[in-house]
Structures are given as structure tokens and as C-alpha cells.
$ cat work.cif   # mmCIF, C-alpha atoms
data_input
#
loop_
_atom_site.group_PDB
_atom_site.id
_atom_site.type_symbol
_atom_site.label_atom_id
_atom_site.label_comp_id
_atom_site.auth_asym_id
_atom_site.auth_seq_id
_atom_site.Cartn_x
_atom_site.Cartn_y
_atom_site.Cartn_z
ATOM 1 C CA MET A 457 -100.748 66.222 -130.503
ATOM 2 C CA VAL A 458 -103.828 66.729 -132.684
ATOM 3 C CA LEU A 459 -105.985 65.247 -129.921
ATOM 4 C CA GLU A 460 -104.729 67.764 -127.343
ATOM 5 C CA ALA A 461 -107.350 70.342 -128.368
ATOM 6 C CA ASP A 462 -110.058 67.691 -128.068
ATOM 7 C CA SER A 463 -108.952 66.689 -124.570
ATOM 8 C CA ASP A 464 -108.725 70.305 -123.362
ATOM 9 C CA ASN A 465 -112.250 71.198 -124.547
ATOM 10 C CA PRO A 466 -114.169 67.943 -124.998
ATOM 11 C CA GLU A 467 -117.565 69.700 -125.093
ATOM 12 C CA GLN A 468 -116.429 71.641 -128.162
ATOM 13 C CA SER A 469 -114.503 68.783 -129.709
ATOM 14 C CA PRO A 470 -115.737 67.641 -133.122
ATOM 15 C CA VAL A 471 -114.786 64.101 -132.072
ATOM 16 C CA PHE A 472 -116.434 63.901 -128.649
ATOM 17 C CA SER A 473 -119.465 65.938 -129.717
ATOM 18 C CA ASN A 474 -120.504 63.019 -131.927
ATOM 19 C CA TYR A 475 -121.049 60.957 -128.766
ATOM 20 C CA PRO A 476 -123.276 62.909 -126.319
ATOM 21 C CA LYS A 477 -123.785 59.870 -124.070
ATOM 22 C CA PHE A 478 -120.058 59.657 -123.474
ATOM 23 C CA LEU A 479 -119.868 63.411 -122.825
ATOM 24 C CA LYS A 480 -122.460 63.023 -120.054
ATOM 25 C CA ASP A 481 -120.305 60.411 -118.291
ATOM 26 C CA HIS A 482 -118.077 62.951 -116.562
ATOM 27 C CA HIS A 483 -115.744 60.489 -114.856
ATOM 28 C CA ALA A 484 -115.140 58.416 -117.994
ATOM 29 C CA LEU A 485 -114.638 61.619 -119.992
ATOM 30 C CA ALA A 486 -112.067 62.918 -117.490
ATOM 31 C CA PHE A 487 -110.432 59.467 -117.415
ATOM 32 C CA VAL A 488 -109.902 59.508 -121.194
ATOM 33 C CA CYS A 489 -109.057 63.212 -121.539
ATOM 34 C CA ASP A 490 -106.483 63.160 -118.735
ATOM 35 C CA THR A 491 -104.808 60.171 -120.338
ATOM 36 C CA ILE A 492 -104.710 61.906 -123.720
ATOM 37 C CA ARG A 493 -103.155 64.990 -122.079
ATOM 38 C CA MET A 494 -100.418 62.848 -120.535
ATOM 39 C CA ALA A 495 -99.760 61.170 -123.871
ATOM 40 C CA SER A 496 -99.654 64.447 -125.817
ATOM 41 C CA ALA A 497 -97.365 66.087 -123.246
ATOM 42 C CA GLY A 498 -94.603 63.661 -124.159
ATOM 43 C CA GLY A 499 -91.889 62.241 -121.960
ATOM 44 C CA VAL A 500 -94.241 59.847 -120.171
ATOM 45 C CA GLU A 501 -93.813 56.144 -120.755
ATOM 46 C CA PRO A 502 -96.938 54.081 -121.520
ATOM 47 C CA LEU A 503 -96.177 51.945 -118.448
ATOM 48 C CA ASP A 504 -96.322 55.026 -116.212
ATOM 49 C CA VAL A 505 -99.598 56.161 -117.782
ATOM 50 C CA ASP A 506 -100.950 52.638 -117.279
ATOM 51 C CA GLN A 507 -100.115 52.834 -113.575
ATOM 52 C CA MET A 508 -101.813 56.247 -113.340
ATOM 53 C CA MET A 509 -104.975 54.867 -114.926
ATOM 54 C CA GLU A 510 -104.911 51.838 -112.644
ATOM 55 C CA LEU A 511 -104.620 54.148 -109.625
ATOM 56 C CA ASP A 512 -107.531 56.246 -110.899
ATOM 57 C CA MET A 513 -109.629 53.117 -111.424
ATOM 58 C CA ASP A 514 -108.841 51.760 -107.946
ATOM 59 C CA THR A 515 -109.747 55.089 -106.316
ATOM 60 C CA HIS A 516 -113.003 55.332 -108.248
ATOM 61 C CA HIS A 517 -113.868 51.703 -107.475
ATOM 62 C CA HIS A 518 -113.191 52.290 -103.774
ATOM 63 C CA ASP A 519 -115.470 55.336 -103.741
ATOM 64 C CA LYS A 520 -118.237 53.389 -105.484
ATOM 65 C CA ASN A 521 -117.988 50.584 -102.930
ATOM 66 C CA LEU A 522 -118.351 52.789 -99.841
ATOM 67 C CA PRO A 523 -122.176 53.092 -100.017
ATOM 68 C CA ILE A 524 -122.379 49.403 -100.954
ATOM 69 C CA ALA A 525 -120.469 48.463 -97.800
ATOM 70 C CA SER A 526 -122.791 50.640 -95.721
ATOM 71 C CA LEU A 527 -125.894 48.995 -97.169
ATOM 72 C CA SER A 528 -124.422 45.527 -96.678
ATOM 73 C CA THR A 529 -123.703 46.326 -93.020
ATOM 74 C CA MET A 530 -127.265 47.544 -92.599
ATOM 75 C CA ALA A 531 -128.626 44.392 -94.239
ATOM 76 C CA ASP A 532 -126.549 42.194 -91.911
ATOM 77 C CA SER A 533 -127.877 44.027 -88.861
ATOM 78 C CA LEU A 534 -131.573 43.813 -89.755
ATOM 79 C CA PRO A 535 -132.085 40.128 -88.737
ATOM 80 C CA GLY A 536 -130.544 41.025 -85.369
ATOM 81 C CA LEU A 537 -133.049 43.838 -85.060
ATOM 82 C CA GLY A 538 -135.810 41.325 -85.724
ATOM 83 C CA ILE A 539 -134.472 39.036 -82.990
ATOM 84 C CA VAL A 540 -134.408 41.945 -80.539
ATOM 85 C CA ALA A 541 -138.033 42.723 -81.441
ATOM 86 C CA ALA A 542 -138.982 39.094 -80.895
ATOM 87 C CA VAL A 543 -137.264 38.900 -77.503
ATOM 88 C CA LEU A 544 -138.860 42.182 -76.431
ATOM 89 C CA GLY A 545 -142.253 40.856 -77.530
ATOM 90 C CA VAL A 546 -141.730 37.677 -75.494
ATOM 91 C CA VAL A 547 -140.808 39.748 -72.431
ATOM 92 C CA ILE A 548 -143.958 41.838 -72.814
ATOM 93 C CA THR A 549 -146.004 38.673 -73.320
ATOM 94 C CA MET A 550 -144.580 37.096 -70.168
ATOM 95 C CA GLY A 551 -145.615 40.190 -68.256
ATOM 96 C CA ALA A 552 -149.173 39.784 -69.466
ATOM 97 C CA LEU A 553 -149.557 36.138 -68.471
ATOM 98 C CA GLY A 554 -152.833 35.500 -66.749
ATOM 99 C CA GLY A 555 -154.655 38.011 -68.892
ATOM 100 C CA PRO A 556 -157.215 37.358 -71.631
ATOM 101 C CA PRO A 557 -156.037 34.939 -74.378
ATOM 102 C CA GLU A 558 -156.751 37.469 -77.131
ATOM 103 C CA GLU A 559 -154.392 39.964 -75.487
ATOM 104 C CA LEU A 560 -151.628 37.378 -75.282
ATOM 105 C CA GLY A 561 -152.235 36.543 -78.939
ATOM 106 C CA ARG A 562 -151.811 40.157 -79.983
ATOM 107 C CA LYS A 563 -148.518 40.462 -78.093
ATOM 108 C CA VAL A 564 -147.124 37.237 -79.558
ATOM 109 C CA ALA A 565 -148.197 38.377 -83.030
ATOM 110 C CA ALA A 566 -146.407 41.711 -82.536
ATOM 111 C CA ALA A 567 -143.216 39.864 -81.584
ATOM 112 C CA LEU A 568 -143.409 37.677 -84.681
ATOM 113 C CA VAL A 569 -144.104 40.690 -86.910
ATOM 114 C CA GLY A 570 -140.893 42.319 -85.665
ATOM 115 C CA THR A 571 -138.912 39.189 -86.568
ATOM 116 C CA PHE A 572 -140.602 38.934 -89.951
ATOM 117 C CA LEU A 573 -139.939 42.595 -90.741
ATOM 118 C CA GLY A 574 -136.233 42.309 -89.935
ATOM 119 C CA ILE A 575 -135.794 39.261 -92.200
ATOM 120 C CA LEU A 576 -137.904 40.747 -94.989
ATOM 121 C CA LEU A 577 -135.953 44.015 -95.066
ATOM 122 C CA CYS A 578 -132.627 42.167 -95.011
ATOM 123 C CA TYR A 579 -133.229 39.523 -97.683
ATOM 124 C CA GLY A 580 -136.019 41.201 -99.627
ATOM 125 C CA PHE A 581 -134.919 44.817 -99.957
ATOM 126 C CA VAL A 582 -131.629 46.085 -98.525
ATOM 127 C CA GLY A 583 -129.544 42.983 -99.305
ATOM 128 C CA PRO A 584 -130.637 42.715 -102.972
ATOM 129 C CA LEU A 585 -130.198 46.475 -103.382
ATOM 130 C CA ALA A 586 -126.601 46.261 -102.131
ATOM 131 C CA GLY A 587 -125.954 43.282 -104.418
ATOM 132 C CA ASN A 588 -127.322 45.116 -107.430
ATOM 133 C CA MET A 589 -125.171 48.150 -106.674
ATOM 134 C CA ALA A 590 -122.100 45.906 -106.343
ATOM 135 C CA LYS A 591 -122.842 44.308 -109.718
ATOM 136 C CA SER A 592 -123.194 47.755 -111.307
ATOM 137 C CA ALA A 593 -119.879 48.872 -109.783
ATOM 138 C CA GLU A 594 -118.114 45.775 -111.144
ATOM 139 C CA GLU A 595 -119.541 46.361 -114.621
ATOM 140 C CA GLU A 596 -118.373 49.987 -114.539
ATOM 141 C CA HIS A 597 -114.917 48.849 -113.420
ATOM 142 C CA SER A 598 -114.781 46.447 -116.378
ATOM 143 C CA TYR A 599 -115.755 49.324 -118.684
ATOM 144 C CA TYR A 600 -112.855 51.450 -117.448
ATOM 145 C CA HIS A 601 -110.554 48.456 -117.801
ATOM 146 C CA VAL A 602 -111.452 48.214 -121.495
ATOM 147 C CA LEU A 603 -110.765 51.948 -121.937
ATOM 148 C CA ARG A 604 -107.433 51.518 -120.197
ATOM 149 C CA ILE A 605 -106.411 48.618 -122.429
ATOM 150 C CA VAL A 606 -107.183 50.411 -125.688
ATOM 151 C CA LEU A 607 -105.500 53.671 -124.609
ATOM 152 C CA VAL A 608 -102.317 51.995 -123.424
ATOM 153 C CA SER A 609 -102.176 49.830 -126.539
ATOM 154 C CA PHE A 610 -102.499 52.895 -128.756
ATOM 155 C CA MET A 611 -99.839 54.786 -126.760
ATOM 156 C CA LYS A 612 -97.423 51.907 -127.298
ATOM 157 C CA GLY A 613 -97.684 52.494 -131.043
ATOM 158 C CA THR A 614 -100.043 49.634 -131.768
ATOM 159 C CA ALA A 615 -102.122 50.004 -134.919
ATOM 160 C CA PRO A 616 -105.662 51.236 -134.135
ATOM 161 C CA THR A 617 -107.313 48.060 -135.381
ATOM 162 C CA VAL A 618 -105.022 45.937 -133.195
ATOM 163 C CA ALA A 619 -105.626 48.237 -130.199
ATOM 164 C CA VAL A 620 -109.368 47.729 -130.675
ATOM 165 C CA GLU A 621 -108.810 43.970 -130.746
ATOM 166 C CA PHE A 622 -106.892 44.200 -127.467
ATOM 167 C CA ALA A 623 -109.861 46.059 -125.989
ATOM 168 C CA ARG A 624 -112.365 43.550 -127.408
ATOM 169 C CA ARG A 625 -110.593 40.701 -125.656
ATOM 170 C CA ALA A 626 -110.731 42.619 -122.364
ATOM 171 C CA ILE A 627 -114.548 42.755 -122.536
ATOM 172 C CA PRO A 628 -116.254 40.251 -120.191
ATOM 173 C CA GLY A 629 -117.255 37.117 -122.028
ATOM 174 C CA HIS A 630 -121.020 37.417 -121.544
ATOM 175 C CA VAL A 631 -121.120 40.708 -123.513
ATOM 176 C CA ARG A 632 -118.038 40.328 -125.727
ATOM 177 C CA PRO A 633 -118.800 40.677 -129.444
ATOM 178 C CA THR A 634 -117.103 38.504 -132.022
ATOM 179 C CA PHE A 635 -114.290 39.767 -134.201
ATOM 180 C CA GLN A 636 -116.608 39.953 -137.195
ATOM 181 C CA GLU A 637 -119.253 41.909 -135.276
ATOM 182 C CA VAL A 638 -116.710 44.528 -134.213
ATOM 183 C CA GLU A 639 -115.299 44.763 -137.724
ATOM 184 C CA ASN A 640 -118.760 45.217 -139.248
ATOM 185 C CA TYR A 641 -119.734 47.779 -136.632
ATOM 186 C CA ILE A 642 -116.600 49.859 -137.196
ATOM 187 C CA LYS A 643 -117.095 49.813 -140.954
ATOM 188 C CA ASN A 644 -120.718 50.894 -140.648
ATOM 189 C CA ARG A 645 -120.506 53.034 -137.519
ATOM 190 C CA ALA A 646 -122.134 56.454 -137.393
ATOM 191 C CA PRO A 647 -122.223 59.248 -134.807
ATOM 192 C CA GLU A 648 -124.885 59.027 -132.123
ATOM 193 C CA GLY A 649 -128.174 60.361 -133.335
ATOM 194 C CA THR A 650 -127.809 58.828 -136.797
ATOM 195 C CA ALA A 651 -128.589 55.297 -137.855
ATOM 196 C CA PRO A 652 -125.618 53.138 -138.942
ATOM 197 C CA ALA A 653 -126.067 50.809 -141.871
ATOM 198 C CA GLU A 654 -125.593 47.812 -139.620
ATOM 199 C CA ALA A 655 -124.910 47.635 -135.900
ATOM 200 C CA PRO A 656 -124.940 44.166 -134.336
ATOM 201 C CA PRO A 657 -126.358 44.346 -130.784
ATOM 202 C CA ALA A 658 -123.307 42.799 -129.138
ATOM 203 C CA ALA A 659 -120.865 45.091 -130.936
ATOM 204 C CA GLU A 660 -123.019 48.135 -130.192
ATOM 205 C CA ALA A 661 -123.118 47.250 -126.493
ATOM 206 C CA ALA A 662 -119.347 46.785 -126.434
ATOM 207 C CA ALA A 663 -118.778 50.114 -128.190
#
$ encode --input "work.cif" --output "C-alpha cells"
Amino acid sequence: MVLEADSDNPEQSPVFSNYPKFLKDHHALAFVCDTIRMASAGGVEPLDVDQMMELDMDTHHHDKNLPIASLSTMADSLPGLGIVAAVLGVVITMGALGGPPEELGRKVAAALVGTFLGILLCYGFVGPLAGNMAKSAEEEHSYYHVLRIVLVSFMKGTAPTVAVEFARRAIPGHVRPTFQEVENYIKNRAPEGTAPAEAPPAAEAAA
């Protein structure tokens, strides 16, 4: 119940105001605050809140993947565009048969440039851009999954330190801090804008 005031006005909350980076992440802020409101309202089982958070995560993940799907479709179509350019160049070249060799060379070169451009845009620009966006969306989804785990664990009455351990084990392995790193970071943590006594890089990234 004490956290209800913080969830209603997070910008004025003495808790959230210590973390301006989190305040700027509007979707994550709403994700946490809405969950706190449901918990403070009472009468809602942790399992039901967990399903609500999962639904929110799935909707957000779907929205993030829409532009990625569009870019991927565009990338898949670009080699076809290059083939069309090549065929069109061959047709134009066939129509110029009997002309000067240098003219035929220019037309063949134009056809090959169209093919090259289609492949370059697909595998050199649009495709990698879509892949990078997909990787970013997956990392954000993992971030919300960690938030979901710690909130549900706390709502079930789990001790805060144990809830944090649940969340630590939900962090992907390539960025997961060790138990000792998390413990040291929590003991020496400080609000954003101040320097903690000790903040291991892995634990800081996880936090």
C-alpha cells in the first residue's frame, strides 16, 4: 500500500526519482506501475497479475516486431528487384545488337549494376538492419521478463533478496552477473547520478 503513491505519480516519487533513466523508459515505467497498482488494490492473485504482465509483454513484443517484419520483407524482395533490372538490361542490350561495342558494353554494365545494387541493399543494409532491430527487440523482451519475475515473486510474499535471486536467474546467461556480484552491488548501490562504492560491470548491467 505504501507503494501506491509512487505508482500513481512516479515522476514525483522519491523512489523512482532516484533513477531518471528508468523514468524515461515510459513503457517499462507503465509496466511496473500498473503491476504495483494491481497488487496494492488487493483481491488479485499473483497468478492473475502474472498473466496480465505476460499479455502486456506479448502485445508490446508484437508491436515491436511489425516494423522488423516489414524490413525483412523488403530485404527479401530486393534480390528479385536486381534480377528484374538484369533481365531488363539484357532485353535492352538485345535490342542494340549490331551497334558499336562500347554501347553494348554500357548496357550490359547497367544490367549488372542493377543486380549488384539489389544484392548489396539486401545483404549489406536492409537485412542487417532488420536483424539488429530483431536482436534489440529480443533483448528488451528479456528485460521485461526479468521485471515480471521479480514482481511476481515479491507479490507471492517472497523475501526481497530471494525475489532478486529469482530475477537474476532469469537474466540471459551472456549478461548474467554472479550471486556475489549482485550481492556486492546491492550493498554498495547508490541512486543514479552518484558514484557507488563498488559496482561490478555485470551486476550494473543487470540492474
$ atom_distance --input "work.cif" --atom1 "atom CA of Leu527 of chain A" --atom2 "atom CA of Ala586 of chain A"
5.7 Å
$ closest_residue --input "work.cif" --among "A:His518, A:Pro523, A:Asp512, A:Leu573" --to "Ala541 of chain A" --atoms "all atoms listed in the file"
A:Leu573
$ resolve_selection --input "work.cif" --expression "the PyMOL selection byres ((chain A and resi 618) around 12)" --output "list in words"
Ile605, Val606, Leu607, Val608, Ser609, Phe610, Lys612, Gly613, Thr614, Ala615, Pro616, Thr617, Ala619, Val620, Glu621, Phe622, Ala623, Arg624, Arg625, Phe635, Val638 and Glu639 of chain A
$ resolve_selection --input "work.cif" --expression "the PyMOL selection byres ((chain A and resi 485) around 12)" --output "list in words"
Asp462, Ser463, Asp464, Asn465, Pro466, Glu467, Phe472, Ser473, Tyr475, Pro476, Lys477, Phe478, Leu479, Lys480, Asp481, His482, His483, Ala484, Ala486, Phe487, Val488, Cys489, Asp490, Thr491, Ile492, Tyr600 and Leu603 of chain A
$ write_last_selection --input "work.cif" --atoms "C-alpha atoms" --output "tab-separated table (two decimals), in the coordinates of the input"
chain	number	residue	atom	x	y	z
A	462	ASP	CA	-110.06	67.69	-128.07
A	463	SER	CA	-108.95	66.69	-124.57
A	464	ASP	CA	-108.72	70.31	-123.36
A	465	ASN	CA	-112.25	71.20	-124.55
A	466	PRO	CA	-114.17	67.94	-125.00
A	467	GLU	CA	-117.56	69.70	-125.09
A	472	PHE	CA	-116.43	63.90	-128.65
A	473	SER	CA	-119.46	65.94	-129.72
A	475	TYR	CA	-121.05	60.96	-128.77
A	476	PRO	CA	-123.28	62.91	-126.32
A	477	LYS	CA	-123.78	59.87	-124.07
A	478	PHE	CA	-120.06	59.66	-123.47
A	479	LEU	CA	-119.87	63.41	-122.82
A	480	LYS	CA	-122.46	63.02	-120.05
A	481	ASP	CA	-120.30	60.41	-118.29
A	482	HIS	CA	-118.08	62.95	-116.56
A	483	HIS	CA	-115.74	60.49	-114.86
A	484	ALA	CA	-115.14	58.42	-117.99
A	486	ALA	CA	-112.07	62.92	-117.49
A	487	PHE	CA	-110.43	59.47	-117.42
A	488	VAL	CA	-109.90	59.51	-121.19
A	489	CYS	CA	-109.06	63.21	-121.54
A	490	ASP	CA	-106.48	63.16	-118.74
A	491	THR	CA	-104.81	60.17	-120.34
A	492	ILE	CA	-104.71	61.91	-123.72
A	600	TYR	CA	-112.86	51.45	-117.45
A	603	LEU	CA	-110.76	51.95	-121.94
$ resolve_selection --input "work.cif" --expression "the PyMOL selection byres ((chain A and resi 596) around 12)" --output "mmCIF file with C-alpha atoms, in the frame of the given file"
data_model
loop_
_atom_site.group_PDB
_atom_site.id
_atom_site.type_symbol
_atom_site.label_atom_id
_atom_site.label_comp_id
_atom_site.auth_asym_id
_atom_site.auth_seq_id
_atom_site.Cartn_x
_atom_site.Cartn_y
_atom_site.Cartn_z
ATOM 1 C CA ASP A 481 -120.305 60.411 -118.291
ATOM 2 C CA HIS A 483 -115.744 60.489 -114.856
ATOM 3 C CA ALA A 484 -115.140 58.416 -117.994
ATOM 4 C CA MET A 513 -109.629 53.117 -111.424
ATOM 5 C CA ASP A 514 -108.841 51.760 -107.946
ATOM 6 C CA HIS A 516 -113.003 55.332 -108.248
ATOM 7 C CA HIS A 517 -113.868 51.703 -107.475
ATOM 8 C CA LYS A 520 -118.237 53.389 -105.484
ATOM 9 C CA ASN A 521 -117.988 50.584 -102.930
ATOM 10 C CA MET A 589 -125.171 48.150 -106.674
ATOM 11 C CA ALA A 590 -122.100 45.906 -106.343
ATOM 12 C CA LYS A 591 -122.842 44.308 -109.718
ATOM 13 C CA SER A 592 -123.194 47.755 -111.307
ATOM 14 C CA ALA A 593 -119.879 48.872 -109.783
ATOM 15 C CA GLU A 594 -118.114 45.775 -111.144
ATOM 16 C CA GLU A 595 -119.541 46.361 -114.621
ATOM 17 C CA HIS A 597 -114.917 48.849 -113.420
ATOM 18 C CA SER A 598 -114.781 46.447 -116.378
ATOM 19 C CA TYR A 599 -115.755 49.324 -118.684
ATOM 20 C CA TYR A 600 -112.855 51.450 -117.448
ATOM 21 C CA HIS A 601 -110.554 48.456 -117.801
ATOM 22 C CA VAL A 602 -111.452 48.214 -121.495
ATOM 23 C CA LEU A 603 -110.765 51.948 -121.937
ATOM 24 C CA ILE A 627 -114.548 42.755 -122.536
ATOM 25 C CA PRO A 628 -116.254 40.251 -120.191
#
$ atom_distance --input "work.cif" --atom1 "atom CA of Pro535 of chain A" --atom2 "atom CA of Gly570 of chain A"
9.6 Å
$ atom_distance --input "work.cif" --atom1 "atom CA of Gly583 of chain A" --atom2 "atom CA of Leu568 of chain A"
20.8 Å
$ residues_around --input "work.cif" --residues "segment 556-567 of chain A" --least-positions-apart "6" --cutoff "7 Å" --atoms "only C-alpha atoms" --output "PyMOL selection string"
chain A and resi 541-542+545-546+549
$ write_last_selection --input "work.cif" --atoms "C-alpha atoms" --output "mmCIF file, keeping the file's coordinate frame"
data_model
loop_
_atom_site.group_PDB
_atom_site.id
_atom_site.type_symbol
_atom_site.label_atom_id
_atom_site.label_comp_id
_atom_site.auth_asym_id
_atom_site.auth_seq_id
_atom_site.Cartn_x
_atom_site.Cartn_y
_atom_site.Cartn_z
ATOM 1 C CA ALA A 541 -138.033 42.723 -81.441
ATOM 2 C CA ALA A 542 -138.982 39.094 -80.895
ATOM 3 C CA GLY A 545 -142.253 40.856 -77.530
ATOM 4 C CA VAL A 546 -141.730 37.677 -75.494
ATOM 5 C CA THR A 549 -146.004 38.673 -73.320
#
$ closest_residue --input "work.cif" --among "A:Ala626, A:Val471, A:Val458, A:Leu577" --to "Ser533 of chain A" --atoms "all atoms listed in the file"
A:Leu577
$ closest_residue --input "work.cif" --among "A:Asp532, A:Asn474, A:Arg604, A:Glu460" --to "Leu511 of chain A" --atoms "all atoms listed in the file"
A:Arg604
$ closest_residue --input "work.cif" --among "A:Gly538, A:Asp519, A:Leu459, A:Arg632" --to "Ser496 of chain A" --atoms "all atoms listed in the file"
A:Leu459
